[in-house]
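Structure data follow from target_11.cif (mmCIF, C-alpha atoms):
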```
data_query
#
loop_
_atom_site.label_atom_id
_atom_site.label_comp_id
_atom_site.auth_asym_id
_atom_site.auth_seq_id
_atom_site.Cartn_x
_atom_site.Cartn_y
_atom_site.Cartn_z
CA MET A 1256 9.70 195.53 137.78
CA TYR A 1257 8.29 196.87 141.05
CA LYS A 1258 9.90 196.13 144.37
CA ASN A 1259 7.62 194.07 146.62
CA SER A 1260 6.30 196.95 148.75
CA SER A 1261 5.84 199.41 145.90
CA GLY A 1262 4.32 196.69 143.72
CA TRP A 1263 1.61 195.81 146.22
CA ALA A 1264 0.99 199.50 146.90
CA ALA A 1265 0.39 199.98 143.17
CA VAL A 1266 -1.94 196.94 143.09
CA GLY A 1267 -3.85 198.36 146.06
CA VAL A 1268 -4.25 201.73 144.36
CA LEU A 1269 -5.34 200.10 141.10
CA ALA A 1270 -7.82 197.88 142.97
CA PHE A 1271 -9.31 200.97 144.60
CA ALA A 1272 -9.60 202.66 141.19
CA VAL A 1273 -11.28 199.56 139.70
CA ALA A 1274 -13.73 199.46 142.62
CA VAL A 1275 -14.59 203.15 142.13
CA GLY A 1276 -15.03 202.56 138.40
CA THR A 1277 -17.41 199.69 139.18
CA LEU A 1278 -19.40 201.72 141.73
CA GLN A 1279 -20.80 203.86 138.94
CA MET A 1280 -22.24 200.78 137.24
CA THR A 1281 -24.53 199.73 140.11
CA VAL A 1282 -25.07 202.86 142.17
CA VAL A 1283 -28.09 203.87 140.08
CA VAL A 1284 -29.90 200.50 140.40
CA PRO A 1285 -31.75 201.36 143.65
CA LEU A 1286 -32.18 204.99 142.48
CA LEU A 1287 -34.32 204.15 139.44
CA PRO A 1288 -37.74 204.39 141.18
CA LEU A 1289 -36.67 207.62 142.91
CA LEU A 1290 -35.38 209.16 139.66
CA GLN A 1291 -38.66 208.23 137.98
CA ARG A 1292 -40.61 210.18 140.59
CA GLN A 1293 -38.20 213.11 140.90
CA LEU A 1294 -37.70 213.64 137.16
CA GLY A 1295 -41.25 212.77 136.10
CA ALA A 1296 -40.08 210.34 133.40
CA PRO A 1297 -41.28 206.81 132.58
CA LEU A 1298 -39.23 203.96 134.05
CA THR A 1299 -38.24 202.68 130.60
CA SER A 1300 -36.58 206.06 129.96
CA VAL A 1301 -35.06 206.39 133.42
CA SER A 1302 -33.58 202.89 133.08
CA TRP A 1303 -31.20 204.36 130.50
CA THR A 1304 -29.31 206.01 133.35
CA LEU A 1305 -28.17 202.44 134.04
CA THR A 1306 -27.98 201.19 130.46
CA ALA A 1307 -26.13 204.26 129.14
CA GLY A 1308 -23.24 203.71 131.53
CA LEU A 1309 -23.05 200.00 130.71
CA LEU A 1310 -23.27 200.66 126.97
CA SER A 1311 -20.60 203.35 127.11
CA GLY A 1312 -18.41 200.96 129.09
CA ALA A 1313 -18.93 198.18 126.54
CA VAL A 1314 -17.52 200.44 123.80
CA ALA A 1315 -14.84 202.04 125.97
CA ILE A 1316 -13.39 198.73 127.15
CA PRO A 1317 -11.89 197.54 123.86
CA LEU A 1318 -11.14 201.07 122.62
CA LEU A 1319 -9.29 202.27 125.73
CA SER A 1320 -7.65 198.87 126.23
CA SER A 1321 -6.20 199.13 122.73
CA LEU A 1322 -5.15 202.73 123.36
CA GLY A 1323 -3.46 201.53 126.54
CA ASP A 1324 -1.48 198.97 124.55
CA MET A 1325 -0.50 201.70 122.06
CA TYR A 1326 0.15 204.75 124.24
CA GLY A 1327 0.62 203.51 127.80
CA ARG A 1328 -1.83 201.96 130.26
CA ARG A 1329 -1.13 204.37 133.09
CA ARG A 1330 -1.81 207.38 130.87
CA VAL A 1331 -5.07 205.92 129.56
CA SER A 1332 -6.15 204.91 133.08
CA LEU A 1333 -5.76 208.51 134.19
CA ALA A 1334 -7.80 209.69 131.20
CA ALA A 1335 -10.58 207.22 132.08
CA LEU A 1336 -10.65 208.46 135.68
CA ALA A 1337 -10.78 212.07 134.48
CA LEU A 1338 -13.85 211.24 132.35
CA LEU A 1339 -15.43 209.53 135.37
CA VAL A 1340 -14.95 212.69 137.43
CA ALA A 1341 -16.36 214.91 134.67
CA GLY A 1342 -19.40 212.68 134.13
CA SER A 1343 -20.12 212.41 137.86
CA ALA A 1344 -19.98 216.18 138.31
CA LEU A 1345 -22.26 216.73 135.29
CA SER A 1346 -24.84 214.27 136.65
CA ALA A 1347 -24.65 215.85 140.11
CA LEU A 1348 -25.37 219.31 138.67
CA SER A 1349 -28.24 218.12 136.44
CA THR A 1350 -31.95 218.44 137.14
CA ALA A 1351 -33.19 216.78 133.93
CA LEU A 1352 -32.86 213.26 132.56
CA ALA A 1353 -30.93 214.02 129.35
CA PRO A 1354 -27.82 215.60 130.94
CA ILE A 1355 -27.77 212.86 133.59
CA ILE A 1356 -27.64 210.26 130.82
CA VAL A 1357 -24.81 212.21 129.14
CA GLY A 1358 -22.96 212.21 132.44
CA ARG A 1359 -23.53 208.47 132.74
CA VAL A 1360 -22.03 207.97 129.27
CA LEU A 1361 -18.88 209.77 130.44
CA GLN A 1362 -18.81 207.72 133.64
CA GLY A 1363 -18.88 204.52 131.59
CA ALA A 1364 -15.36 205.35 130.38
CA ALA A 1365 -14.15 203.98 133.73
CA ALA A 1366 -15.15 200.43 132.75
CA PRO A 1367 -11.74 199.64 131.10
CA LEU A 1368 -9.87 200.25 134.35
CA LEU A 1369 -9.79 196.50 135.10
CA PRO A 1370 -8.05 195.32 131.90
CA LEU A 1371 -5.71 198.31 132.05
CA ALA A 1372 -4.87 197.48 135.68
CA MET A 1373 -4.26 193.83 134.80
CA GLY A 1374 -1.86 194.93 132.07
CA LEU A 1375 0.02 197.17 134.49
CA ALA A 1376 0.20 194.36 137.06
CA ARG A 1377 1.55 191.93 134.49
CA GLN A 1378 4.23 194.43 133.50
CA GLY A 1379 5.32 195.23 137.04
CA LEU A 1380 5.03 192.06 139.13
CA PRO A 1381 6.94 188.77 139.02
CA GLY A 1382 5.04 185.82 137.55
CA HIS A 1383 4.49 183.96 140.83
CA ARG A 1384 2.71 186.99 142.34
CA LEU A 1385 0.57 187.73 139.30
CA PRO A 1386 -2.35 185.33 140.06
CA THR A 1387 -2.91 186.94 143.46
CA ALA A 1388 -2.77 190.45 141.99
CA ILE A 1389 -5.15 189.63 139.13
CA GLY A 1390 -7.47 187.83 141.54
CA VAL A 1391 -7.64 190.87 143.81
CA LEU A 1392 -8.17 193.23 140.88
CA SER A 1393 -10.90 191.03 139.38
CA ALA A 1394 -12.75 190.49 142.65
CA THR A 1395 -12.97 194.24 143.31
CA ILE A 1396 -15.58 194.31 140.53
CA GLY A 1397 -17.94 192.56 142.90
CA VAL A 1398 -16.91 194.76 145.80
CA GLY A 1399 -17.68 197.83 143.72
CA SER A 1400 -20.96 196.32 142.51
CA GLY A 1401 -22.25 195.70 146.02
CA GLY A 1402 -20.67 198.89 147.32
CA GLY A 1403 -22.61 200.96 144.79
CA MET A 1404 -25.90 199.71 146.21
CA ILE A 1405 -24.74 200.41 149.77
CA LEU A 1406 -23.49 203.89 148.86
CA ALA A 1407 -26.88 204.80 147.38
CA GLY A 1408 -28.53 203.60 150.58
CA LEU A 1409 -26.21 205.46 152.93
CA LEU A 1410 -26.95 208.68 151.04
CA ASP A 1411 -30.70 208.00 151.34
CA GLY A 1412 -31.25 207.83 147.59
CA ASP A 1413 -30.22 211.46 146.98
CA TYR A 1414 -28.89 211.19 143.43
CA ARG A 1415 -27.00 214.50 143.62
CA ALA A 1416 -25.19 213.41 146.79
CA VAL A 1417 -24.43 210.03 145.16
CA PHE A 1418 -22.89 211.63 142.09
CA TRP A 1419 -20.93 214.19 144.12
CA THR A 1420 -19.52 211.30 146.17
CA LEU A 1421 -18.50 209.56 142.96
CA THR A 1422 -16.85 212.81 141.85
CA GLY A 1423 -14.77 212.89 145.01
CA LEU A 1424 -13.85 209.20 144.88
CA GLY A 1425 -12.88 209.51 141.22
CA ALA A 1426 -10.68 212.53 141.95
CA LEU A 1427 -9.01 210.64 144.83
CA SER A 1428 -8.39 207.64 142.57
CA PHE A 1429 -6.88 209.90 139.91
CA ALA A 1430 -4.50 211.45 142.46
CA LEU A 1431 -3.45 208.07 143.88
CA VAL A 1432 -2.82 206.50 140.48
CA ALA A 1433 -0.81 209.55 139.39
CA ALA A 1434 1.29 209.45 142.58
CA VAL A 1435 1.83 205.70 143.12
CA VAL A 1436 1.47 203.76 139.87
CA ARG A 1437 4.35 203.60 137.45
CA GLU A 1438 4.62 201.77 134.15
CA PRO A 1439 7.89 199.83 134.08
CA ARG A 1440 9.05 198.66 130.68
CA PRO A 1441 6.14 200.35 128.90
CA SER A 1442 5.22 198.35 125.82
CA ARG A 1443 3.84 200.07 122.78
CA ALA A 1444 1.77 198.12 120.28
CA ALA A 1445 1.88 199.28 116.68
CA GLY A 1446 -1.12 200.62 114.84
CA ARG A 1447 -3.82 203.27 115.15
CA PRO A 1448 -7.05 203.19 117.15
CA ASP A 1449 -9.90 201.53 115.25
CA LEU A 1450 -12.42 204.39 115.42
CA ALA A 1451 -14.58 202.89 112.67
CA GLY A 1452 -14.81 199.68 114.68
CA ALA A 1453 -15.79 201.65 117.77
CA ALA A 1454 -18.57 203.37 115.82
CA LEU A 1455 -19.92 200.06 114.46
CA VAL A 1456 -19.84 198.42 117.90
CA SER A 1457 -21.65 201.43 119.35
CA VAL A 1458 -24.40 201.26 116.70
CA TRP A 1459 -25.18 197.55 117.02
CA LEU A 1460 -25.08 197.64 120.82
CA VAL A 1461 -27.41 200.68 120.93
CA CYS A 1462 -29.84 198.94 118.56
CA LEU A 1463 -29.74 195.72 120.56
CA LEU A 1464 -30.10 197.31 124.00
CA LEU A 1465 -32.77 199.76 122.85
CA ALA A 1466 -34.81 196.84 121.52
CA VAL A 1467 -34.32 194.88 124.75
CA SER A 1468 -35.16 197.79 127.05
CA LYS A 1469 -38.18 199.03 125.06
CA GLY A 1470 -39.43 195.73 123.67
CA GLY A 1471 -41.82 195.16 126.55
CA ALA A 1472 -43.48 198.55 125.98
CA TRP A 1473 -43.44 198.47 122.16
CA GLY A 1474 -44.24 194.78 121.81
CA TRP A 1475 -41.65 192.11 121.06
CA THR A 1476 -43.10 191.51 117.59
CA SER A 1477 -43.66 195.18 116.74
CA PRO A 1478 -41.97 196.48 113.54
CA LEU A 1479 -39.79 198.88 115.56
CA THR A 1480 -38.47 196.18 117.93
CA LEU A 1481 -37.87 193.68 115.15
CA GLY A 1482 -36.31 196.39 112.99
CA LEU A 1483 -33.83 197.30 115.72
CA LEU A 1484 -32.92 193.64 116.29
CA CYS A 1485 -32.37 193.14 112.55
CA ALA A 1486 -30.29 196.33 112.39
CA ALA A 1487 -28.19 195.13 115.32
CA ALA A 1488 -27.53 191.82 113.57
CA ALA A 1489 -26.70 193.49 110.24
CA VAL A 1490 -24.32 196.07 111.73
CA ALA A 1491 -22.67 193.40 113.89
CA ALA A 1492 -22.06 191.33 110.75
CA VAL A 1493 -20.49 194.35 109.00
CA TRP A 1494 -18.33 194.97 112.07
CA VAL A 1495 -17.07 191.35 112.08
CA LEU A 1496 -16.19 191.55 108.37
CA THR A 1497 -14.34 194.85 108.74
CA ALA A 1498 -12.57 193.71 111.91
CA ARG A 1499 -11.14 190.72 110.04
CA ARG A 1500 -9.72 193.05 107.38
CA THR A 1501 -8.34 195.74 109.71
CA ALA A 1502 -4.68 195.61 110.72
CA ALA A 1503 -5.36 196.68 114.32
CA PRO A 1504 -9.08 196.05 114.97
CA LEU A 1505 -10.91 197.30 118.03
CA ILE A 1506 -11.58 193.69 119.03
CA GLU A 1507 -9.54 190.85 117.60
CA ILE A 1508 -12.12 188.33 116.42
CA PRO A 1509 -9.61 185.43 116.65
CA MET A 1510 -9.13 186.31 120.34
CA LEU A 1511 -12.89 185.96 120.87
CA LEU A 1512 -12.70 182.47 119.31
CA HIS A 1513 -9.29 181.44 120.67
CA ARG A 1514 -9.50 177.97 122.20
CA GLY A 1515 -7.62 179.14 125.28
CA THR A 1516 -9.89 182.14 125.97
CA ALA A 1517 -13.28 181.08 124.57
CA GLY A 1518 -14.31 179.47 127.86
CA ALA A 1519 -13.44 182.63 129.78
CA THR A 1520 -15.36 184.73 127.23
CA VAL A 1521 -18.57 182.71 127.54
CA ALA A 1522 -18.32 182.45 131.33
CA SER A 1523 -17.70 186.18 131.67
CA PHE A 1524 -20.80 186.98 129.60
CA LEU A 1525 -23.00 184.63 131.63
CA LEU A 1526 -21.65 185.67 135.03
CA GLY A 1527 -22.05 189.35 134.13
CA PHE A 1528 -25.67 188.65 133.20
CA ALA A 1529 -26.23 186.60 136.36
CA LEU A 1530 -24.75 189.19 138.73
CA PHE A 1531 -26.84 192.09 137.43
CA ALA A 1532 -29.95 189.92 137.07
CA ALA A 1533 -29.56 188.84 140.69
CA ILE A 1534 -28.88 192.26 142.22
CA THR A 1535 -31.63 194.02 140.24
CA THR A 1536 -34.09 191.23 141.10
CA LEU A 1537 -33.11 191.37 144.74
CA SER A 1538 -33.50 195.16 144.73
CA ALA A 1539 -36.93 194.93 143.09
CA VAL A 1540 -38.18 192.24 145.51
CA ALA A 1541 -36.83 194.08 148.56
CA GLN A 1542 -38.35 197.43 147.56
CA GLY A 1543 -41.55 196.21 145.90
CA THR A 1544 -42.52 193.20 148.00
CA LEU A 1545 -40.86 193.80 151.37
CA GLY A 1546 -41.11 197.61 151.35
CA ALA A 1547 -37.37 198.03 151.97
CA SER A 1548 -35.67 201.42 151.84
CA VAL A 1549 -32.68 202.11 149.58
CA LEU A 1550 -30.37 201.60 152.59
CA GLN A 1551 -32.00 198.28 153.43
CA VAL A 1552 -31.46 197.13 149.84
CA GLY A 1553 -27.77 197.87 150.29
CA LEU A 1554 -27.72 195.92 153.54
CA TYR A 1555 -29.35 192.93 151.85
CA LEU A 1556 -26.44 192.99 149.39
CA LEU A 1557 -23.78 193.46 152.09
CA PRO A 1558 -23.03 189.69 152.29
CA THR A 1559 -22.29 189.71 148.55
CA THR A 1560 -19.79 192.55 148.96
CA VAL A 1561 -18.09 191.14 152.06
CA LEU A 1562 -17.73 187.62 150.71
CA MET A 1563 -16.42 188.79 147.36
CA LEU A 1564 -13.74 190.77 149.18
CA ALA A 1565 -12.88 187.76 151.36
CA VAL A 1566 -12.59 185.50 148.33
CA SER A 1567 -10.34 188.04 146.57
CA VAL A 1568 -7.87 187.85 149.47
CA LEU A 1569 -7.74 184.06 149.07
CA ALA A 1570 -7.55 184.19 145.27
CA GLY A 1571 -3.78 183.66 145.07
CA PRO A 1572 -3.58 180.54 147.31
CA LEU A 1573 -6.69 179.08 145.65
CA MET A 1574 -5.26 179.51 142.15
CA ARG A 1575 -2.01 177.86 143.22
CA ARG A 1576 -4.00 174.77 144.23
CA PHE A 1577 -6.72 174.72 141.57
CA THR A 1578 -6.92 175.67 137.92
CA ALA A 1579 -8.65 178.92 136.98
CA SER A 1580 -11.25 177.01 134.95
CA ALA A 1581 -12.13 174.80 137.95
CA LEU A 1582 -12.66 177.86 140.15
CA VAL A 1583 -14.86 179.52 137.51
CA ALA A 1584 -16.93 176.33 137.24
CA CYS A 1585 -17.32 176.13 141.02
CA GLY A 1586 -18.31 179.80 141.18
CA SER A 1587 -20.88 179.26 138.43
CA VAL A 1588 -22.52 176.43 140.38
CA LEU A 1589 -22.80 178.68 143.45
CA VAL A 1590 -24.30 181.52 141.38
CA THR A 1591 -26.88 179.08 140.02
CA ALA A 1592 -27.74 178.03 143.59
CA ALA A 1593 -28.16 181.70 144.58
CA ALA A 1594 -30.50 182.31 141.64
CA LEU A 1595 -32.63 179.28 142.56
CA TRP A 1596 -32.75 180.53 146.16
CA LEU A 1597 -34.13 183.85 144.91
CA VAL A 1598 -36.78 181.96 142.91
CA LEU A 1599 -37.95 180.23 146.11
CA SER A 1600 -37.45 183.17 148.47
CA ARG A 1601 -40.33 184.12 150.74
CA ALA A 1602 -38.72 186.26 153.46
CA GLY A 1603 -35.94 188.79 154.05
CA SER A 1604 -33.70 186.10 155.52
CA ASP A 1605 -33.79 184.31 152.16
CA LEU A 1606 -32.41 187.43 150.49
CA TYR A 1607 -29.47 187.50 152.91
CA GLY A 1608 -28.77 183.81 152.25
CA ALA A 1609 -28.98 184.17 148.49
CA ALA A 1610 -26.75 187.26 148.61
CA ALA A 1611 -24.14 185.34 150.61
CA VAL A 1612 -24.05 182.42 148.15
CA LEU A 1613 -23.98 184.91 145.25
CA GLY A 1614 -20.96 186.65 146.79
CA LEU A 1615 -19.05 183.38 147.10
CA GLY A 1616 -19.88 182.36 143.54
CA ILE A 1617 -19.16 185.67 141.84
CA GLY A 1618 -16.05 186.13 143.99
CA LEU A 1619 -14.62 182.80 142.87
CA GLY A 1620 -15.66 183.29 139.26
CA TYR A 1621 -14.43 186.84 138.85
CA ALA A 1622 -11.16 186.23 140.71
CA ALA A 1623 -10.27 183.37 138.35
CA LEU A 1624 -11.70 184.83 135.13
CA GLY A 1625 -8.96 187.46 134.97
CA THR A 1626 -6.25 184.78 134.96
CA MET A 1627 -8.25 182.50 132.67
CA ALA A 1628 -8.59 185.30 130.11
CA VAL A 1629 -4.90 186.24 129.88
CA GLU A 1630 -2.90 183.13 130.76
CA HIS A 1631 -2.69 181.95 127.13
CA VAL A 1632 -1.84 185.28 125.45
CA GLU A 1633 1.46 187.10 125.02
CA PRO A 1634 2.20 189.90 127.54
CA ALA A 1635 1.82 192.67 124.95
CA LYS A 1636 -1.80 191.54 124.39
CA THR A 1637 -2.74 191.32 128.08
CA ALA A 1638 -4.85 194.47 128.15
CA ALA A 1639 -6.52 193.55 124.85
CA ALA A 1640 -7.38 190.04 126.09
CA GLY A 1641 -8.61 191.46 129.40
CA GLY A 1642 -10.55 194.04 127.42
CA VAL A 1643 -12.37 191.39 125.38
CA ASN A 1644 -13.24 189.53 128.58
CA ALA A 1645 -14.45 192.69 130.30
CA LEU A 1646 -16.42 193.69 127.17
CA VAL A 1647 -18.50 190.51 127.11
CA ARG A 1648 -19.06 190.81 130.87
CA VAL A 1649 -20.44 194.33 130.46
CA VAL A 1650 -22.57 193.30 127.46
CA GLY A 1651 -24.00 190.49 129.57
CA SER A 1652 -24.65 192.96 132.38
CA SER A 1653 -26.37 195.36 129.97
#
```

Rewritten as structure tokens:
Amino acid sequence: MYKNSSGWAAVGVLAFAVAVGTLQMTVVVPLLPLLQRQLGAPLTSVSWTLTAGLLSGAVAIPLLSSLGDMYGRRRVSLAALALLVAGSALSALSTALAPIIVGRVLQGAAAPLLPLAMGLARQGLPGHRLPTAIGVLSATIGVGSGGGMILAGLLDGDYRAVFWTLTGLGALSFALVAAVVREPRPSRAAGRPDLAGAALVSVWLVCLLLAVSKGGAWGWTSPLTLGLLCAAAAVAAVWVLTARRTAAPLIEIPMLLHRGTAGATVASFLLGFALFAAITTLSAVAQGTLGASVLQVGLYLLPTTVLMLAVSVLAGPLMRRFTASALVACGSVLVTAAALWLVLSRAGSDLYGAAAVLGLGIGLGYAALGTMAVEHVEPAKTAAAGGVNALVRVVGSS
């Protein structure tokens, strides 16, 4: 168990690492039109610089969360940060699309930092402080999401400068986690990593996301699109059957269907979809309709970032007064209001207003989802439960 000061220092360091790991998910959103021009590639291909990182994260979340339960969450967190640094440096050095996408795949390994951090917090903090810590860790997802857009704007859309900055931030996070975070009473789950499960999840997600991203160009009823969708369904069915027969599956199917976590699973998927739908729509409207620069897009999203951070600070007191499910429901209503505001928007001021409401809603939802996902599972399964919740969030985002 951490002492109070060292415990909150560790939570602060882990929150910074989670924010850096989330930066890589959104930092390329405003860069897509610039990458299309600079690399001379069609937008449907360039969009895979975003999708590749999300897809890699979707696979890495359950795999690295399980490895954290087996071999130590601090050790696996450091490995994820090392892959983030390597992928960022590769993308920064690249002048063609293919190596940038490879770099983005490596960067996606940072996606499991949130469930790993929640597991470390649950091991090291007393129970009455855990809701605040998990709320702060969860809300930094939104801070990182908005911060990625702002970072791209501050660096004037220079993708090399963006990736070099991510390299530096990843290296700093690695050093801080190595120096400050400890793993008291490390628990070790039995079993071996489910590599076959990871391969099956990778295949059906690639088929699904390839069909979604290319369906508009190929035609939604074309043989290729329909073939990929059918392949995704077939491989997903095989994965479910094998997961039920594996002693230590990549994702525990009963945990997906557990009455105590099913609500958090569905809400995480929908809020992940809503957040990325909102920020990509806002970016497209600002750049395409209002002629905004990359920096101005980041400024439009500044209210989202600021309000998510503010809500994360209040997460502990709020969760002592209200249930996690009530806060998620309230956040979902606010996100819906922000989406409707974007539908009716006609001016730049509308974008600021919608971004502010979005920040409040996602802040409340994300801060409470972490607690909602793990409050009904045993401590040894915390990272796995958080991993399932983070997985469906990233799939929704993809």

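Taking all atoms listed in the file, the non-local environment of Ala1519 (chain A) within 9 Å (same-chain residues fewer than 2 positions away omitted) comprises Gly1515, Thr1516, Ala1517, Val1521, Ala1522, Ser1523, Phe1524, Ser1580, Val1583, Leu1624, Gly1625, Met1627, Ala1628 and Asn1644 of chain A.
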
So which residues get picked by the PyMOL selection byres ((chain A and resi 1540) around 10) here, written as a PyMOL selection string?
chain A and resi 1534-1539+1541-1547+1552+1597+1600-1603+1606

For region 1405-1409 of chain A: contacts at 6 Å, all atoms listed in the file, fewer than 2 positions along chain excluded, given as a ChimeraX atom specification
/A:1282,1402-1403,1411-1412,1549-1550,1553

Residue among A:Val1432, A:Val1612, A:Val1598, A:Leu1505 lying closest to Ala1451 (chain A), counting all atoms listed in the file:
A:Leu1505

Selection near Cys1462 (chain A), 10 Å with all atoms listed in the file, sequence-local residues under 4 positions removed, as a list of chain:residue names
A:Ser1457, A:Val1458, A:Ala1466, A:Val1467, A:Thr1480, A:Gly1482, A:Leu1483, A:Leu1484, A:Cys1485, A:Ala1486, A:Ala1487, A:Ala1488, A:Val1490

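Closest approach to Ala1265 (chain A) among A:Val1588, A:Ala1337, A:Ala1388, A:Leu1427: A:Ala1388, based on all atoms listed in the file.
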
Taking the file as shown, find all residues satisfying the PyMOL selection byres ((chain A and resi 1296-1300) around 10) and write them as a PDB file with C-alpha atoms, in the frame of the given file.
```
ATOM      1  CA  LEU A1287     -34.320 204.150 139.440  1.00  0.00           C
ATOM      2  CA  PRO A1288     -37.740 204.390 141.180  1.00  0.00           C
ATOM      3  CA  LEU A1289     -36.670 207.620 142.910  1.00  0.00           C
ATOM      4  CA  LEU A1290     -35.380 209.160 139.660  1.00  0.00           C
ATOM      5  CA  GLN A1291     -38.660 208.230 137.980  1.00  0.00           C
ATOM      6  CA  ARG A1292     -40.610 210.180 140.590  1.00  0.00           C
ATOM      7  CA  GLN A1293     -38.200 213.110 140.900  1.00  0.00           C
ATOM      8  CA  LEU A1294     -37.700 213.640 137.160  1.00  0.00           C
ATOM      9  CA  GLY A1295     -41.250 212.770 136.100  1.00  0.00           C
ATOM     10  CA  VAL A1301     -35.060 206.390 133.420  1.00  0.00           C
ATOM     11  CA  SER A1302     -33.580 202.890 133.080  1.00  0.00           C
ATOM     12  CA  TRP A1303     -31.200 204.360 130.500  1.00  0.00           C
ATOM     13  CA  THR A1304     -29.310 206.010 133.350  1.00  0.00           C
ATOM     14  CA  THR A1306     -27.980 201.190 130.460  1.00  0.00           C
ATOM     15  CA  ALA A1351     -33.190 216.780 133.930  1.00  0.00           C
ATOM     16  CA  LEU A1352     -32.860 213.260 132.560  1.00  0.00           C
ATOM     17  CA  ALA A1353     -30.930 214.020 129.350  1.00  0.00           C
ATOM     18  CA  ILE A1356     -27.640 210.260 130.820  1.00  0.00           C
ATOM     19  CA  LEU A1465     -32.770 199.760 122.850  1.00  0.00           C
ATOM     20  CA  SER A1468     -35.160 197.790 127.050  1.00  0.00           C
ATOM     21  CA  LYS A1469     -38.180 199.030 125.060  1.00  0.00           C
ATOM     22  CA  GLY A1470     -39.430 195.730 123.670  1.00  0.00           C
ATOM     23  CA  GLY A1471     -41.820 195.160 126.550  1.00  0.00           C
ATOM     24  CA  ALA A1472     -43.480 198.550 125.980  1.00  0.00           C
TER      25      ALA A1472
END
```

Go through the shown structure with the PyMOL selection byres ((chain A and resi 1396) around 12) and write out the matching residues as a PyMOL selection string.
chain A and resi 1269-1281+1365-1370+1389-1395+1397-1403+1526-1527+1530-1531+1559-1560+1563-1564+1567+1614+1617-1622+1624-1625+1645+1648-1649

From the set A:Val1360, A:Leu1481, A:Leu1424, A:Leu1333, which residue has the shortest atom-to-atom contact distance to Leu1463 (chain A), counting all atoms listed in the file?
A:Leu1481

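Across the structure, CA of Leu1496 (chain A) and CA of Val1456 (chain A) are spaced 12.3 Å apart.
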
With only C-alpha atoms as the basis for distance, which of A:Met1373, A:Val1417, A:Ala1533, A:Leu1309 is at the shortest distance from Ala1347 (chain A)?
A:Val1417

What box, with edges along x, y and z, holds each listed atom of region 1460-1473 of chain A when 8 Å is added on every side, and can you state its centre and edge lengths in Å to one decimal, as AutoDock Vina command-line options?
```
--center_x -34.3 --center_y 197.8 --center_z 122.8 --size_x 34.4 --size_y 21.8 --size_z 24.5
```

What is the CA of Leu1361 (chain A)-CA of Leu1339 (chain A) distance in Å, reported with one decimal?
6.0 Å
